Amino acid sequence: MVPQAPWRTPLLRAPLDWWEERDASVKDGVLALVLTLLAFVPTLSNIGAQLGDLPERPADALSVGLTLAQTLPLAVRRQRPALCLPVVGAAFAVHQALGCPTTFGSVGLYLALYSAGAHQVSYRRTLATAASAGYVVLALVLHSLGSPQRFGDYLAFYLSLAVFWLAGSAMRRWRAQEAERRRLAAEVATAAERARIARELHDVVTHHVTAMVVQADAAQFLLTSAPERAGEGLAAVSDTGRRALTELRHLLGVLEATGESAAADPARADRAPTLGKVGDLVEQARLSGQPVDFTEHGVRRPRTVDVELAAYRVVQETLTNAMKYAAGQRTVVLVRHGQEHVETEVTTDGPAPSSPAAPAARTPGPAGGRGLSGLRERVRILDGELVAGPRPDGGFSVRAVIPSAPVQE
């Protein structure tokens, strides 16, 4: 058993979660208060920043006020970093020039520098230049007051202050890069979702509308040639329209649902297109006047929703193109259920490429259309392969192999 981190225990998790939910101003106020209290703890005075090394004067009200001026402004270190740094820096300079007792509160200068580097948006260079100039003035004043520090000491202290500014600047750049990365990721996700919705709408609307147009044309022809059979054609149009509405409702339900709600809805799952409903596609194509043979090999096994839907869409799009571009030509639909993959193959007869009638047998899915390109993208996402093209002896063939292990029931 992996030991649980101490801060992840329920006893500590609740206060940490409460603290994470607090506003930045509240957190900064607590930080300023804690630093103020620690500034008056005698045992921590050696940790404070010391620059001038001048003779120490006794603690008085002025030294207390200068100490508070180095800690309390940190309450606005994120909201007003350009105000916090000058106040804390000036208080530190006067504190050092007067030789006030060293306190832990002088650490506030480091925090103010870090906050200015991390949160100051405008006039950053001006603020850095002013802070550097102020430090030079402080060094000259301390030297004139008899400080034993040398140039190397002042330079080393300045570099230590610069490290905190640069650390804040690095954090600011990292935050900006993270925000940009999240923005780009959101744009990519949005584009991918739009493409997915476009593919779904294309597959659903194009197939059913094509079938309805073909069936309506056939019914119109029957009105004059065989009126007694016109009712069958109109019934086929009505049935196809109902199928289109069912699939559109399912698609809209999937778009509206999030998380587990989509999978937990039995009604929505029942409307989802699956390999088990390929027979309905075949029957619909037959009602539209397309001669279709359907063969299924292997034992049908439960697959993931993505795999089932992708295989279903391959058959649906190919039958749609057959009705549009090879009406009346014999079409064969073959579905093979393997242990680790699902294979669908749809072939449509047509004149050989060398025959005079070949131009009439157009390639299913016009160049640049959403049909085959959308199918390739859908299958590629599932690590599958889709091959489509004209057959040597005429017609067209679309074959897709989608890897998928059966889902445990």
# chains A, B, ... in the order shown; residues from 1 in each chain; ligands from 1
$ residues_around --residues "stretch 370-381 of chain A" --least-positions-apart "4" --cutoff "7 Å" --atoms "only C-alpha atoms" --output "ChimeraX atom specification"
/A:199,310,314,317,365,385-386,402
$ residues_around --residues "stretch 64-81 of chain A" --least-positions-apart "4" --cutoff "6 Å" --atoms "only C-alpha atoms" --output "JSON list (two decimals) with C-alpha atoms, in the first residue's frame"
[["chain", "number", "residue", "atom", "x", "y", "z"],
["A", 28, "ASP", "CA", -1.63, 38.75, 1.49],
["A", 29, "GLY", "CA", -3.20, 40.27, 4.57],
["A", 32, "ALA", "CA", 1.62, 40.69, 6.33],
["A", 36, "THR", "CA", 4.62, 41.56, 11.53],
["A", 88, "VAL", "CA", 9.02, 48.94, 2.07],
["A", 91, "ALA", "CA", 11.47, 52.10, 5.35],
["A", 105, "GLY", "CA", 10.61, 42.23, 9.39],
["A", 108, "GLY", "CA", 9.66, 42.16, 3.71],
["A", 115, "SER", "CA", 6.01, 40.70, -5.82],
["A", 116, "ALA", "CA", 6.99, 43.66, -8.01],
["A", 119, "HIS", "CA", 2.80, 41.20, -10.50],
["A", 120, "GLN", "CA", 3.81, 44.63, -11.79]]
$ atom_distance --atom1 "atom CA of A:Leu309" --atom2 "atom CA of A:Val237"
24.1 Å
$ residues_around --residues "A:Gly99" --least-positions-apart "6" --cutoff "6 Å" --atoms "only C-alpha atoms" --output "PyMOL selection string"
chain A and resi 54-57
$ residues_around --residues "A:Ser397" --least-positions-apart "2" --cutoff "10 Å" --atoms "only C-alpha atoms" --output "PyMOL selection string"
chain A and resi 318+331-332+345-349+363-364+387-391+394-395+399
$ closest_residue --among "A:Arg13, A:His297, A:Arg303, A:Arg330" --to "A:Pro403" --atoms "only C-alpha atoms"
A:Arg303
$ residues_around --residues "A:Val107" --least-positions-apart "6" --cutoff "9 Å" --atoms "only C-alpha atoms" --output "list in words"
Leu35, Ala39, Ile47, Gly48, Ala49, Gln70 and Thr71 of chain A
$ residues_around --residues "A:Gly338" --least-positions-apart "3" --cutoff "12 Å" --atoms "only C-alpha atoms" --output "PyMOL selection string"
chain A and resi 296-303+335+341-344+401-406
$ write_last_selection --atoms "C-alpha atoms" --output "PDB file, in the first residue's frame"
ATOM      1  CA  GLU A 296     -21.865 -10.266 -41.512  1.00  0.00           C
ATOM      2  CA  HIS A 297     -19.021 -12.597 -40.456  1.00  0.00           C
ATOM      3  CA  GLY A 298     -17.867 -13.482 -36.973  1.00  0.00           C
ATOM      4  CA  VAL A 299     -19.504 -13.145 -33.600  1.00  0.00           C
ATOM      5  CA  ARG A 300     -20.708  -9.683 -32.724  1.00  0.00           C
ATOM      6  CA  ARG A 301     -19.065  -8.519 -29.481  1.00  0.00           C
ATOM      7  CA  PRO A 302     -19.645  -5.445 -27.334  1.00  0.00           C
ATOM      8  CA  ARG A 303     -17.314  -2.634 -28.422  1.00  0.00           C
ATOM      9  CA  VAL A 335     -18.935  -6.503 -41.707  1.00  0.00           C
ATOM     10  CA  HIS A 341     -10.704  -5.357 -34.668  1.00  0.00           C
ATOM     11  CA  VAL A 342     -13.836  -4.555 -36.633  1.00  0.00           C
ATOM     12  CA  GLU A 343     -13.694  -4.454 -40.415  1.00  0.00           C
ATOM     13  CA  THR A 344     -16.286  -2.904 -42.676  1.00  0.00           C
ATOM     14  CA  VAL A 401     -10.266  -1.654 -40.200  1.00  0.00           C
ATOM     15  CA  ILE A 402     -10.709  -0.333 -36.664  1.00  0.00           C
ATOM     16  CA  PRO A 403      -8.755  -1.975 -33.832  1.00  0.00           C
ATOM     17  CA  SER A 404     -10.739  -2.590 -30.686  1.00  0.00           C
ATOM     18  CA  ALA A 405     -10.705  -5.218 -27.982  1.00  0.00           C
ATOM     19  CA  PRO A 406     -14.199  -6.376 -26.945  1.00  0.00           C
TER      20      PRO A 406
END
$ select_by_dssp --residues "stretch 109-310 of chain A" --states "helix (DSSP H, G or I)" --output "PyMOL selection string"
chain A and resi 109-119+124-144+151-225+227-256+261-264+266-271+275-287+305-310
$ select_by_dssp --residues "stretch 314-355 of chain A" --states "strand (DSSP E or B)" --output "list in words"
Thr331, Val332, Val333, Leu334, Val335, Arg336, His337, His341, Val342, Glu343, Thr344, Glu345, Val346, Thr347 and Thr348 of chain A
